[in-house]
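One file, run13.pdb, is given below (PDB, C-alpha atoms).
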```pdb
MODEL        1
ATOM      1  CA  MET A   1     -56.954 -11.102  48.590
ATOM      2  CA  SER A   2     -58.913 -12.404  51.619
ATOM      3  CA  LEU A   3     -62.529 -11.178  51.515
ATOM      4  CA  LYS A   4     -64.435 -11.396  54.815
ATOM      5  CA  LYS A   5     -68.199 -10.917  54.870
ATOM      6  CA  VAL A   6     -69.381  -8.945  57.898
ATOM      7  CA  LEU A   7     -73.064  -8.406  58.697
ATOM      8  CA  LEU A   8     -74.033  -5.315  60.695
ATOM      9  CA  MET A   9     -77.589  -5.831  61.932
ATOM     10  CA  GLY A  10     -80.032  -4.505  64.504
ATOM     11  CA  LYS A  11     -83.249  -2.589  64.819
ATOM     12  CA  SER A  12     -83.671   0.762  63.065
ATOM     13  CA  GLY A  13     -82.242   3.587  65.163
ATOM     14  CA  ALA A  14     -79.950   1.324  67.190
ATOM     15  CA  GLY A  15     -76.857   3.215  65.988
ATOM     16  CA  LYS A  16     -75.384   0.882  63.354
ATOM     17  CA  THR A  17     -74.700   3.481  60.676
ATOM     18  CA  SER A  18     -73.394   5.978  63.244
ATOM     19  CA  MET A  19     -70.757   3.594  64.562
ATOM     20  CA  ARG A  20     -69.809   2.527  61.046
ATOM     21  CA  SER A  21     -69.321   6.174  60.052
ATOM     22  CA  ILE A  22     -67.198   6.916  63.133
ATOM     23  CA  ILE A  23     -64.942   3.898  62.643
ATOM     24  CA  PHE A  24     -64.558   3.892  58.854
ATOM     25  CA  ALA A  25     -65.367   7.441  57.709
ATOM     26  CA  ASN A  26     -63.740   9.499  60.502
ATOM     27  CA  TYR A  27     -67.027  11.059  61.579
ATOM     28  CA  LEU A  28     -67.190  12.881  64.886
ATOM     29  CA  ALA A  29     -69.844  11.621  67.278
ATOM     30  CA  ARG A  30     -71.762  14.879  67.084
ATOM     31  CA  ASP A  31     -71.825  14.726  63.270
ATOM     32  CA  THR A  32     -73.705  11.424  63.200
ATOM     33  CA  MET A  33     -76.928  13.236  64.080
ATOM     34  CA  ARG A  34     -77.351  14.209  60.425
ATOM     35  CA  LEU A  35     -77.046  10.664  59.062
ATOM     36  CA  CYS A  36     -80.110   9.196  57.356
ATOM     37  CA  PRO A  37     -81.487   5.723  58.121
ATOM     38  CA  THR A  38     -80.079   2.882  56.015
ATOM     39  CA  ILE A  39     -82.389   1.709  53.225
ATOM     40  CA  ASP A  40     -82.275  -2.060  52.645
ATOM     41  CA  VAL A  41     -78.576  -3.113  52.567
ATOM     42  CA  GLU A  42     -75.558  -0.848  52.039
ATOM     43  CA  HIS A  43     -72.354  -2.544  50.902
ATOM     44  CA  SER A  44     -68.849  -1.225  51.511
ATOM     45  CA  HIS A  45     -65.339  -2.659  51.252
ATOM     46  CA  VAL A  46     -62.643  -1.778  53.767
ATOM     47  CA  ARG A  47     -59.050  -2.930  53.250
ATOM     48  CA  PHE A  48     -56.939  -3.961  56.244
ATOM     49  CA  LEU A  49     -53.291  -4.987  56.416
ATOM     50  CA  GLY A  50     -52.871  -5.149  52.662
ATOM     51  CA  ASN A  51     -54.777  -8.290  51.695
ATOM     52  CA  LEU A  52     -57.572  -8.435  54.289
ATOM     53  CA  VAL A  53     -60.776  -6.840  52.984
ATOM     54  CA  LEU A  54     -63.968  -6.459  54.980
ATOM     55  CA  ASN A  55     -67.096  -6.819  52.868
ATOM     56  CA  LEU A  56     -69.378  -4.893  55.226
ATOM     57  CA  TRP A  57     -73.155  -5.320  54.841
ATOM     58  CA  ASP A  58     -75.000  -2.612  56.764
ATOM     59  CA  CYS A  59     -78.547  -3.970  56.937
ATOM     60  CA  GLY A  60     -81.363  -1.484  57.462
ATOM     61  CA  GLY A  61     -83.387  -2.236  60.581
ATOM     62  CA  GLN A  62     -86.864  -1.154  59.497
ATOM     63  CA  GLU A  63     -89.408  -3.876  60.122
ATOM     64  CA  ASP A  64     -90.249  -4.466  56.443
ATOM     65  CA  PHE A  65     -86.599  -4.932  55.544
ATOM     66  CA  VAL A  66     -85.931  -7.255  58.481
ATOM     67  CA  GLU A  67     -88.845  -9.519  57.592
ATOM     68  CA  ASN A  68     -87.547  -9.640  54.030
ATOM     69  CA  TYR A  69     -84.077 -10.711  55.236
ATOM     70  CA  PHE A  70     -85.530 -13.793  56.918
ATOM     71  CA  GLN A  71     -87.945 -14.715  54.136
ATOM     72  CA  SER A  72     -86.998 -14.031  50.530
ATOM     73  CA  GLN A  73     -83.303 -13.092  51.107
ATOM     74  CA  ARG A  74     -82.383 -15.505  53.876
ATOM     75  CA  ASP A  75     -79.768 -17.514  51.980
ATOM     76  CA  HIS A  76     -78.389 -14.454  50.177
ATOM     77  CA  ILE A  77     -77.885 -12.456  53.365
ATOM     78  CA  PHE A  78     -76.605 -15.162  55.702
ATOM     79  CA  ARG A  79     -74.462 -17.294  53.379
ATOM     80  CA  ASN A  80     -70.638 -17.209  53.752
ATOM     81  CA  VAL A  81     -70.686 -14.872  56.746
ATOM     82  CA  GLN A  82     -67.491 -14.609  58.811
ATOM     83  CA  VAL A  83     -68.768 -12.138  61.424
ATOM     84  CA  LEU A  84     -72.182 -10.998  62.644
ATOM     85  CA  ILE A  85     -72.286  -7.722  64.566
ATOM     86  CA  TYR A  86     -75.694  -7.262  66.159
ATOM     87  CA  VAL A  87     -76.486  -3.909  67.777
ATOM     88  CA  PHE A  88     -79.011  -3.542  70.596
ATOM     89  CA  ASP A  89     -80.349  -0.140  71.613
ATOM     90  CA  ILE A  90     -80.345  -0.144  75.418
ATOM     91  CA  GLU A  91     -83.247   2.321  75.358
ATOM     92  CA  SER A  92     -85.456   0.192  73.111
ATOM     93  CA  HIS A  93     -89.024  -0.268  74.325
ATOM     94  CA  GLU A  94     -89.485  -3.390  72.175
ATOM     95  CA  LEU A  95     -87.031  -5.738  73.818
ATOM     96  CA  GLN A  96     -89.007  -8.880  73.007
ATOM     97  CA  LYS A  97     -89.060  -8.018  69.308
ATOM     98  CA  ASP A  98     -85.328  -7.259  69.414
ATOM     99  CA  MET A  99     -84.654 -10.637  71.007
ATOM    100  CA  HIS A 100     -86.855 -12.328  68.401
ATOM    101  CA  TYR A 101     -84.882 -10.768  65.531
ATOM    102  CA  PHE A 102     -81.596 -11.709  67.186
ATOM    103  CA  THR A 103     -82.779 -15.291  67.602
ATOM    104  CA  SER A 104     -83.805 -15.415  63.931
ATOM    105  CA  CYS A 105     -80.333 -14.170  62.939
ATOM    106  CA  LEU A 106     -78.649 -16.914  64.931
ATOM    107  CA  GLU A 107     -80.915 -19.578  63.428
ATOM    108  CA  ALA A 108     -80.157 -18.327  59.911
ATOM    109  CA  LEU A 109     -76.424 -18.324  60.659
ATOM    110  CA  GLN A 110     -76.608 -21.813  62.122
ATOM    111  CA  HIS A 111     -78.053 -23.040  58.837
ATOM    112  CA  ASN A 112     -75.911 -21.022  56.391
ATOM    113  CA  SER A 113     -72.692 -20.010  58.201
ATOM    114  CA  ALA A 114     -72.268 -22.182  61.275
ATOM    115  CA  ASP A 115     -68.658 -21.064  61.880
ATOM    116  CA  ALA A 116     -69.428 -17.327  61.928
ATOM    117  CA  LYS A 117     -68.191 -15.293  64.884
ATOM    118  CA  ILE A 118     -70.908 -13.388  66.732
ATOM    119  CA  PHE A 119     -70.407 -10.024  68.403
ATOM    120  CA  VAL A 120     -73.180  -8.146  70.193
ATOM    121  CA  MET A 121     -72.957  -4.469  71.040
ATOM    122  CA  VAL A 122     -75.278  -3.244  73.767
ATOM    123  CA  HIS A 123     -75.248   0.304  72.509
ATOM    124  CA  LYS A 124     -76.021   3.813  73.835
ATOM    125  CA  MET A 125     -74.920   2.850  77.346
ATOM    126  CA  ASP A 126     -74.207   6.518  78.035
ATOM    127  CA  MET A 127     -77.980   7.022  78.316
ATOM    128  CA  LEU A 128     -78.032   5.043  81.575
ATOM    129  CA  PRO A 129     -76.875   6.329  84.972
ATOM    130  CA  GLU A 130     -73.323   5.206  85.566
ATOM    131  CA  ASP A 131     -74.198   3.018  88.557
ATOM    132  CA  ARG A 132     -76.753   1.064  86.487
ATOM    133  CA  ARG A 133     -74.649   0.354  83.407
ATOM    134  CA  GLU A 134     -72.744  -2.686  84.617
ATOM    135  CA  PRO A 135     -75.683  -4.619  86.155
ATOM    136  CA  VAL A 136     -77.950  -3.871  83.175
ATOM    137  CA  PHE A 137     -75.252  -4.976  80.747
ATOM    138  CA  ARG A 138     -74.498  -8.183  82.652
ATOM    139  CA  GLN A 139     -78.176  -9.131  82.696
ATOM    140  CA  ARG A 140     -78.513  -8.488  78.951
ATOM    141  CA  GLU A 141     -75.331 -10.449  78.282
ATOM    142  CA  ALA A 142     -76.627 -13.430  80.261
ATOM    143  CA  ASP A 143     -79.937 -13.388  78.331
ATOM    144  CA  LEU A 144     -78.171 -13.282  74.963
ATOM    145  CA  LYS A 145     -75.757 -16.078  75.820
ATOM    146  CA  LYS A 146     -78.684 -18.208  76.984
ATOM    147  CA  ILE A 147     -80.427 -17.734  73.628
ATOM    148  CA  ALA A 148     -77.252 -18.607  71.718
ATOM    149  CA  ALA A 149     -76.635 -21.717  73.820
ATOM    150  CA  GLY A 150     -80.160 -22.953  73.131
ATOM    151  CA  ILE A 151     -79.770 -22.714  69.353
ATOM    152  CA  GLY A 152     -76.495 -24.517  68.835
ATOM    153  CA  LYS A 153     -74.014 -23.707  71.572
ATOM    154  CA  MET A 154     -72.932 -20.621  69.640
ATOM    155  CA  ASP A 155     -70.331 -18.383  71.257
ATOM    156  CA  VAL A 156     -71.433 -14.764  71.666
ATOM    157  CA  HIS A 157     -69.070 -11.916  72.603
ATOM    158  CA  CYS A 158     -70.852  -8.943  74.164
ATOM    159  CA  PHE A 159     -69.668  -5.348  74.569
ATOM    160  CA  GLN A 160     -71.215  -2.272  76.128
ATOM    161  CA  THR A 161     -70.624   0.626  73.760
ATOM    162  CA  SER A 162     -71.242   4.312  73.179
ATOM    163  CA  ILE A 163     -70.191   6.682  70.412
ATOM    164  CA  TRP A 164     -69.146   9.200  73.071
ATOM    165  CA  ASP A 165     -66.245   7.247  74.595
ATOM    166  CA  GLU A 166     -63.519   4.697  73.839
ATOM    167  CA  THR A 167     -65.728   1.605  74.207
ATOM    168  CA  LEU A 168     -66.669   1.654  70.505
ATOM    169  CA  TYR A 169     -63.024   1.410  69.397
ATOM    170  CA  LYS A 170     -62.387  -1.426  71.835
ATOM    171  CA  ALA A 171     -65.303  -3.483  70.505
ATOM    172  CA  TRP A 172     -64.426  -2.983  66.835
ATOM    173  CA  SER A 173     -60.724  -3.662  67.469
ATOM    174  CA  THR A 174     -61.660  -7.001  69.026
ATOM    175  CA  MET A 175     -63.865  -7.840  66.066
ATOM    176  CA  VAL A 176     -61.211  -6.968  63.475
ATOM    177  CA  TYR A 177     -58.537  -8.835  65.445
ATOM    178  CA  SER A 178     -60.624 -12.010  65.200
ATOM    179  CA  LEU A 179     -60.275 -11.825  61.397
ATOM    180  CA  VAL A 180     -56.523 -11.186  61.247
ATOM    181  CA  PRO A 181     -54.768 -14.242  59.773
ATOM    182  CA  ASN A 182     -51.899 -15.677  61.851
ATOM    183  CA  ALA A 183     -52.669 -13.303  64.715
ATOM    184  CA  GLY A 184     -50.781 -15.516  67.172
ATOM    185  CA  LEU A 185     -47.618 -15.415  65.048
ATOM    186  CA  LEU A 186     -47.925 -11.643  64.735
ATOM    187  CA  GLU A 187     -48.133 -11.260  68.510
ATOM    188  CA  GLN A 188     -45.150 -13.565  68.954
ATOM    189  CA  HIS A 189     -42.946 -11.444  66.681
ATOM    190  CA  LEU A 190     -44.241  -8.251  68.274
ATOM    191  CA  THR A 191     -43.325  -9.557  71.728
ATOM    192  CA  SER A 192     -39.803 -10.390  70.528
ATOM    193  CA  LEU A 193     -39.418  -6.880  69.133
ATOM    194  CA  CYS A 194     -40.747  -5.380  72.360
ATOM    195  CA  GLN A 195     -38.152  -7.310  74.374
ATOM    196  CA  ALA A 196     -35.353  -6.353  71.985
ATOM    197  CA  CYS A 197     -36.271  -2.663  72.284
ATOM    198  CA  CYS A 198     -36.670  -2.858  76.074
ATOM    199  CA  ALA A 199     -40.080  -1.262  75.600
ATOM    200  CA  ASP A 200     -42.963  -1.438  78.051
ATOM    201  CA  GLU A 201     -45.374  -2.198  75.221
ATOM    202  CA  LEU A 202     -45.743  -2.101  71.455
ATOM    203  CA  VAL A 203     -49.010  -1.600  69.594
ATOM    204  CA  ILE A 204     -49.944  -1.994  65.933
ATOM    205  CA  PHE A 205     -52.746   0.249  64.713
ATOM    206  CA  GLU A 206     -54.526  -0.248  61.402
ATOM    207  CA  ARG A 207     -53.573   2.628  59.142
ATOM    208  CA  ALA A 208     -56.990   3.849  57.970
ATOM    209  CA  THR A 209     -59.174   3.294  61.041
ATOM    210  CA  PHE A 210     -56.521   3.227  63.787
ATOM    211  CA  LEU A 211     -58.139   0.189  65.324
ATOM    212  CA  VAL A 212     -55.771  -1.907  67.443
ATOM    213  CA  ILE A 213     -54.617  -4.910  65.416
ATOM    214  CA  SER A 214     -52.065  -6.421  67.778
ATOM    215  CA  GLN A 215     -50.113  -5.585  70.914
ATOM    216  CA  ALA A 216     -47.313  -6.801  73.140
ATOM    217  CA  VAL A 217     -47.252  -5.689  76.768
ATOM    218  CA  LEU A 218     -44.282  -6.425  79.028
ATOM    219  CA  ARG A 219     -45.278  -4.065  81.847
ATOM    220  CA  GLY A 220     -48.847  -3.285  82.765
ATOM    221  CA  HIS A 221     -50.391   0.165  82.563
ATOM    222  CA  ALA A 222     -52.983   1.762  84.805
ATOM    223  CA  ASP A 223     -55.232   3.007  81.973
ATOM    224  CA  PRO A 224     -57.046   0.135  80.212
ATOM    225  CA  HIS A 225     -58.421   2.497  77.534
ATOM    226  CA  ARG A 226     -55.095   4.073  76.519
ATOM    227  CA  PHE A 227     -55.018   2.498  73.043
ATOM    228  CA  GLU A 228     -58.511   3.669  72.202
ATOM    229  CA  LYS A 229     -57.676   7.176  73.450
ATOM    230  CA  ILE A 230     -54.615   7.266  71.199
ATOM    231  CA  SER A 231     -56.778   6.146  68.273
ATOM    232  CA  ASN A 232     -59.229   8.939  68.931
ATOM    233  CA  ILE A 233     -56.504  11.600  69.244
ATOM    234  CA  ILE A 234     -54.846  10.618  65.971
ATOM    235  CA  LYS A 235     -58.131  10.375  64.079
ATOM    236  CA  GLN A 236     -59.090  13.859  65.269
ATOM    237  CA  PHE A 237     -55.698  15.130  64.135
ATOM    238  CA  LYS A 238     -56.144  13.506  60.713
ATOM    239  CA  LEU A 239     -59.581  15.095  60.453
ATOM    240  CA  SER A 240     -58.083  18.514  61.213
ATOM    241  CA  CYS A 241     -55.485  17.946  58.498
ATOM    242  CA  SER A 242     -58.149  17.065  55.950
ATOM    243  CA  LYS A 243     -60.107  20.235  56.726
ATOM    244  CA  THR A 244     -57.049  22.336  55.931
ATOM    245  CA  GLN A 245     -56.253  20.167  52.884
ATOM    246  CA  ALA A 246     -52.970  19.118  54.472
ATOM    247  CA  GLN A 247     -51.488  15.679  53.863
ATOM    248  CA  PHE A 248     -51.171  13.552  57.017
ATOM    249  CA  SER A 249     -47.840  11.750  56.991
ATOM    250  CA  SER A 250     -46.864  10.994  60.580
ATOM    251  CA  MET A 251     -47.359  12.114  64.138
ATOM    252  CA  GLN A 252     -44.843  12.045  66.966
ATOM    253  CA  VAL A 253     -45.738  12.559  70.607
ATOM    254  CA  ARG A 254     -43.017  13.211  73.166
ATOM    255  CA  VAL A 255     -43.620  13.088  76.874
ATOM    256  CA  SER A 256     -41.272  13.961  79.720
ATOM    257  CA  MET A 257     -39.862  11.061  81.697
ATOM    258  CA  GLN A 258     -41.501  11.873  84.998
ATOM    259  CA  VAL A 259     -42.668   9.447  87.599
ATOM    260  CA  CYS A 260     -46.201  10.016  88.869
ATOM    261  CA  ARG A 261     -46.419   9.609  92.617
ATOM    262  CA  THR A 262     -49.383   9.375  94.881
ATOM    263  CA  ARG A 263     -50.066  12.041  97.480
ATOM    264  CA  GLN A 264     -48.921   9.703 100.228
ATOM    265  CA  ALA A 265     -45.587   9.138  98.509
ATOM    266  CA  VAL A 266     -45.113  12.874  98.082
ATOM    267  CA  ARG A 267     -45.895  13.471 101.757
ATOM    268  CA  GLU A 268     -43.357  10.848 102.818
ATOM    269  CA  ARG A 269     -40.699  12.379 100.626
ATOM    270  CA  LEU A 270     -41.385  15.867 101.948
ATOM    271  CA  THR A 271     -41.301  14.573 105.516
ATOM    272  CA  HIS A 272     -37.827  13.060 105.104
ATOM    273  CA  ALA A 273     -36.385  15.902 103.035
ATOM    274  CA  SER A 274     -34.119  18.481 104.663
ATOM    275  CA  PRO A 275     -35.319  22.114 104.944
ATOM    276  CA  ARG A 276     -32.517  23.254 102.643
ATOM    277  CA  ARG A 277     -33.590  20.799  99.907
ATOM    278  CA  LEU A 278     -37.208  21.890 100.273
ATOM    279  CA  VAL A 279     -36.237  25.530  99.866
ATOM    280  CA  ARG A 280     -34.207  24.740  96.770
ATOM    281  CA  ARG A 281     -37.122  22.863  95.188
ATOM    282  CA  CYS A 282     -39.904  25.260  96.008
ATOM    283  CA  THR A 283     -38.280  28.618  95.277
ATOM    284  CA  THR A 284     -37.712  30.178  91.894
ATOM    285  CA  ARG A 285     -34.351  31.315  90.586
ATOM    286  CA  SER A 286     -34.875  34.842  91.810
ATOM    287  CA  SER A 287     -35.835  33.703  95.279
ATOM    288  CA  ARG A 288     -32.775  31.438  95.404
ATOM    289  CA  ARG A 289     -30.572  34.392  94.502
ATOM    290  CA  SER A 290     -32.057  36.490  97.275
ATOM    291  CA  LEU A 291     -31.556  33.584  99.650
ATOM    292  CA  ARG A 292     -27.856  33.391  98.735
ATOM    293  CA  GLY A 293     -27.574  37.147  99.209
ATOM    294  CA  SER A 294     -29.032  36.980 102.691
ATOM    295  CA  ARG A 295     -26.547  34.242 103.620
ATOM    296  CA  ARG A 296     -23.607  36.374 102.436
ATOM    297  CA  THR A 297     -24.922  39.285 104.521
ATOM    298  CA  ARG A 298     -25.047  37.129 107.629
ATOM    299  CA  THR A 299     -21.471  35.942 107.182
TER     300      THR A 299
ENDMDL
END
```
Once more with this new file: its structure as structure tokens, please.
Amino acid sequence: MSLKKVLLMGKSGAGKTSMRSIIFANYLARDTMRLCPTIDVEHSHVRFLGNLVLNLWDCGGQEDFVENYFQSQRDHIFRNVQVLIYVFDIESHELQKDMHYFTSCLEALQHNSADAKIFVMVHKMDMLPEDRREPVFRQREADLKKIAAGIGKMDVHCFQTSIWDETLYKAWSTMVYSLVPNAGLLEQHLTSLCQACCADELVIFERATFLVISQAVLRGHADPHRFEKISNIIKQFKLSCSKTQAQFSSMQVRVSMQVCRTRQAVRERLTHASPRRLVRRCTTRSSRRSLRGSRRTRT
């Protein structure tokens, strides 16, 4: 069994426990409003892919607890860490204090777990106007990377997230993927299978959380969030099954093989189509029958 220690840290109220509950406990976003703040450190174990187990440490963000992490529990908290997930509340009015805590986390990791992967989630982005989200995120990302570079050239991966859309699944899928052993070999075999099946793409979802573990794409798709949307649909379906005490076994989705065309393409096709073909397409069966009857009358 491969046990991976994951720290989930950030200021109190940043949304750490809410995102953990959505990803691992199938909570709906609206249900997270009734969650209580985390007291000290909550431990949980999540099994992935058989032998991969996440030892998740959800660290309460109240000021007294945070100071204790860096003083009396420094070695205990930051030793043997594989992943640090630090959550920033985009609405926080204490940005300098948030940056100070983040810097202290990186310094503790540099001393105790220098090889740890670092992921930062700039959270609650839905609270900003849509036209401000990207520039605000890019500025925050640049500031965080500058701090990490000054400590020990540590690599920081930043994501803008919200519990109300697919961005949360994307960020956590990336984090979990970084822990999957032999991920390159898995993708290689998945690509071979995709080619053998003549499929556009193949995706592997983790069974419990439906996070994306691996994928092979031979032909691009217009929707970059399609995997996260599928995850959300299936998790909602599983939740509905649990409410009715039904056992979820499998789910099959069938779609019609139709080609989506732009308005311009439709106009061009209508322009070059004959009147008779247009009538046949646009009329119902009954109207077609009456049309045939009128032709017989004329003859």
*Selection: 10 Å around A:Ala25, all atoms listed in the file, excl. self and same-chain fewer than 5 positions, as a ChimeraX atom specification*: /A:18-20,208-209,239
*asked:* Can you pull out the residues contacting A:Gln96? Cut-off 12 Å, using all atoms listed in the file, and skip same-chain residues under 4 positions away; I want them as JSON, numbers by chain.
replied: {"A": [11, 88, 92, 100, 101, 102, 103, 143, 144]}
*What lies within 10 Å of stretch 32-42 of chain A using all atoms listed in the file, ignoring chain neighbours under 4 positions off, as a PyMOL selection string?*
chain A and resi 7-9+12-13+15-22+27-28+56-62+64-66+68-69+77+163
*Figure out the distance between atom CA of A:Leu168 and atom CA of A:His225, please, to one decimal in Å.*
10.9 Å
*Which residues, written as a list in words, have at least one atom at most 7 Å from stretch 177-189 of chain A, with all atoms listed in the file counted and residues fewer than 6 positions away on the same chain left out?*
Ile213, Ser214, Gln215 and Ala216 of chain A
Export C-alpha atoms of the chosen residues as a CSV table (one decimal), in the coordinates of the input?
```csv
chain,number,residue,atom,x,y,z
A,213,ILE,CA,-54.6,-4.9,65.4
A,214,SER,CA,-52.1,-6.4,67.8
A,215,GLN,CA,-50.1,-5.6,70.9
A,216,ALA,CA,-47.3,-6.8,73.1
```
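What separates atom CA of A:Phe210 from atom CA of A:Met175 is a distance of 13.5 Å.
With atom CA of A:Arg140 on one side and atom CA of A:Glu166 on the other, the separation reads 20.6 Å.
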*Find, counting all atoms listed in the file, the residue in A:Phe24, A:Ser249, A:Phe48, A:Ser242 that gets nearest to A:Phe205.*
A:Phe48
*Counting all atoms listed in the file, figure out which residue out of A:Ala196, A:Glu94, A:Asn55, A:Ala108 gets nearest to A:Phe78.*
A:Ala108
Counting only C-alpha atoms, note down every residue that has an atom within 12 Å of the point (-60.2, 15.5, 64.1) (file coordinates), as a short mmCIF file (atom, residue, chain, number, x, y, z; two decimals) with C-alpha atoms, in the coordinates of the input.
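Dumped everything to point19.cif:
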```
data_model
loop_
_atom_site.label_atom_id
_atom_site.label_comp_id
_atom_site.auth_asym_id
_atom_site.auth_seq_id
_atom_site.Cartn_x
_atom_site.Cartn_y
_atom_site.Cartn_z
CA ILE A 22 -67.20 6.92 63.13
CA ALA A 25 -65.37 7.44 57.71
CA ASN A 26 -63.74 9.50 60.50
CA TYR A 27 -67.03 11.06 61.58
CA LEU A 28 -67.19 12.88 64.89
CA ALA A 29 -69.84 11.62 67.28
CA ARG A 30 -71.76 14.88 67.08
CA ASP A 31 -71.82 14.73 63.27
CA SER A 231 -56.78 6.15 68.27
CA ASN A 232 -59.23 8.94 68.93
CA ILE A 233 -56.50 11.60 69.24
CA ILE A 234 -54.85 10.62 65.97
CA LYS A 235 -58.13 10.38 64.08
CA GLN A 236 -59.09 13.86 65.27
CA PHE A 237 -55.70 15.13 64.14
CA LYS A 238 -56.14 13.51 60.71
CA LEU A 239 -59.58 15.10 60.45
CA SER A 240 -58.08 18.51 61.21
CA CYS A 241 -55.48 17.95 58.50
CA SER A 242 -58.15 17.07 55.95
CA LYS A 243 -60.11 20.24 56.73
CA THR A 244 -57.05 22.34 55.93
CA PHE A 248 -51.17 13.55 57.02
#
```
Can I get stretch 182-193 of chain A with N, CA and C atoms filled in, as a PDB file, in the frame of the given file?
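Result file part.pdb:
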```
ATOM      1  N   ASN A 182     -53.155 -15.461  61.120  1.00  0.00           N
ATOM      2  CA  ASN A 182     -51.899 -15.677  61.851  1.00  0.00           C
ATOM      3  C   ASN A 182     -51.691 -14.636  62.948  1.00  0.00           C
ATOM      4  N   ALA A 183     -52.762 -14.313  63.663  1.00  0.00           N
ATOM      5  CA  ALA A 183     -52.669 -13.303  64.715  1.00  0.00           C
ATOM      6  C   ALA A 183     -51.711 -13.736  65.821  1.00  0.00           C
ATOM      7  N   GLY A 184     -51.692 -15.021  66.143  1.00  0.00           N
ATOM      8  CA  GLY A 184     -50.781 -15.516  67.172  1.00  0.00           C
ATOM      9  C   GLY A 184     -49.325 -15.332  66.788  1.00  0.00           C
ATOM     10  N   LEU A 185     -48.994 -15.592  65.527  1.00  0.00           N
ATOM     11  CA  LEU A 185     -47.618 -15.415  65.048  1.00  0.00           C
ATOM     12  C   LEU A 185     -47.232 -13.942  65.061  1.00  0.00           C
ATOM     13  N   LEU A 186     -48.179 -13.084  64.708  1.00  0.00           N
ATOM     14  CA  LEU A 186     -47.925 -11.643  64.735  1.00  0.00           C
ATOM     15  C   LEU A 186     -47.616 -11.177  66.149  1.00  0.00           C
ATOM     16  N   GLU A 187     -48.383 -11.639  67.126  1.00  0.00           N
ATOM     17  CA  GLU A 187     -48.133 -11.260  68.510  1.00  0.00           C
ATOM     18  C   GLU A 187     -46.792 -11.792  69.004  1.00  0.00           C
ATOM     19  N   GLN A 188     -46.428 -12.983  68.550  1.00  0.00           N
ATOM     20  CA  GLN A 188     -45.150 -13.565  68.954  1.00  0.00           C
ATOM     21  C   GLN A 188     -43.980 -12.705  68.471  1.00  0.00           C
ATOM     22  N   HIS A 189     -44.013 -12.292  67.217  1.00  0.00           N
ATOM     23  CA  HIS A 189     -42.946 -11.444  66.681  1.00  0.00           C
ATOM     24  C   HIS A 189     -42.961 -10.063  67.350  1.00  0.00           C
ATOM     25  N   LEU A 190     -44.144  -9.560  67.632  1.00  0.00           N
ATOM     26  CA  LEU A 190     -44.241  -8.251  68.274  1.00  0.00           C
ATOM     27  C   LEU A 190     -43.664  -8.297  69.689  1.00  0.00           C
ATOM     28  N   THR A 191     -43.890  -9.389  70.391  1.00  0.00           N
ATOM     29  CA  THR A 191     -43.325  -9.557  71.728  1.00  0.00           C
ATOM     30  C   THR A 191     -41.801  -9.616  71.681  1.00  0.00           C
ATOM     31  N   SER A 192     -41.262 -10.316  70.691  1.00  0.00           N
ATOM     32  CA  SER A 192     -39.803 -10.390  70.528  1.00  0.00           C
ATOM     33  C   SER A 192     -39.217  -9.014  70.259  1.00  0.00           C
ATOM     34  N   LEU A 193     -39.882  -8.234  69.422  1.00  0.00           N
ATOM     35  CA  LEU A 193     -39.418  -6.880  69.133  1.00  0.00           C
ATOM     36  C   LEU A 193     -39.504  -5.997  70.369  1.00  0.00           C
TER      37      LEU A 193
END
```
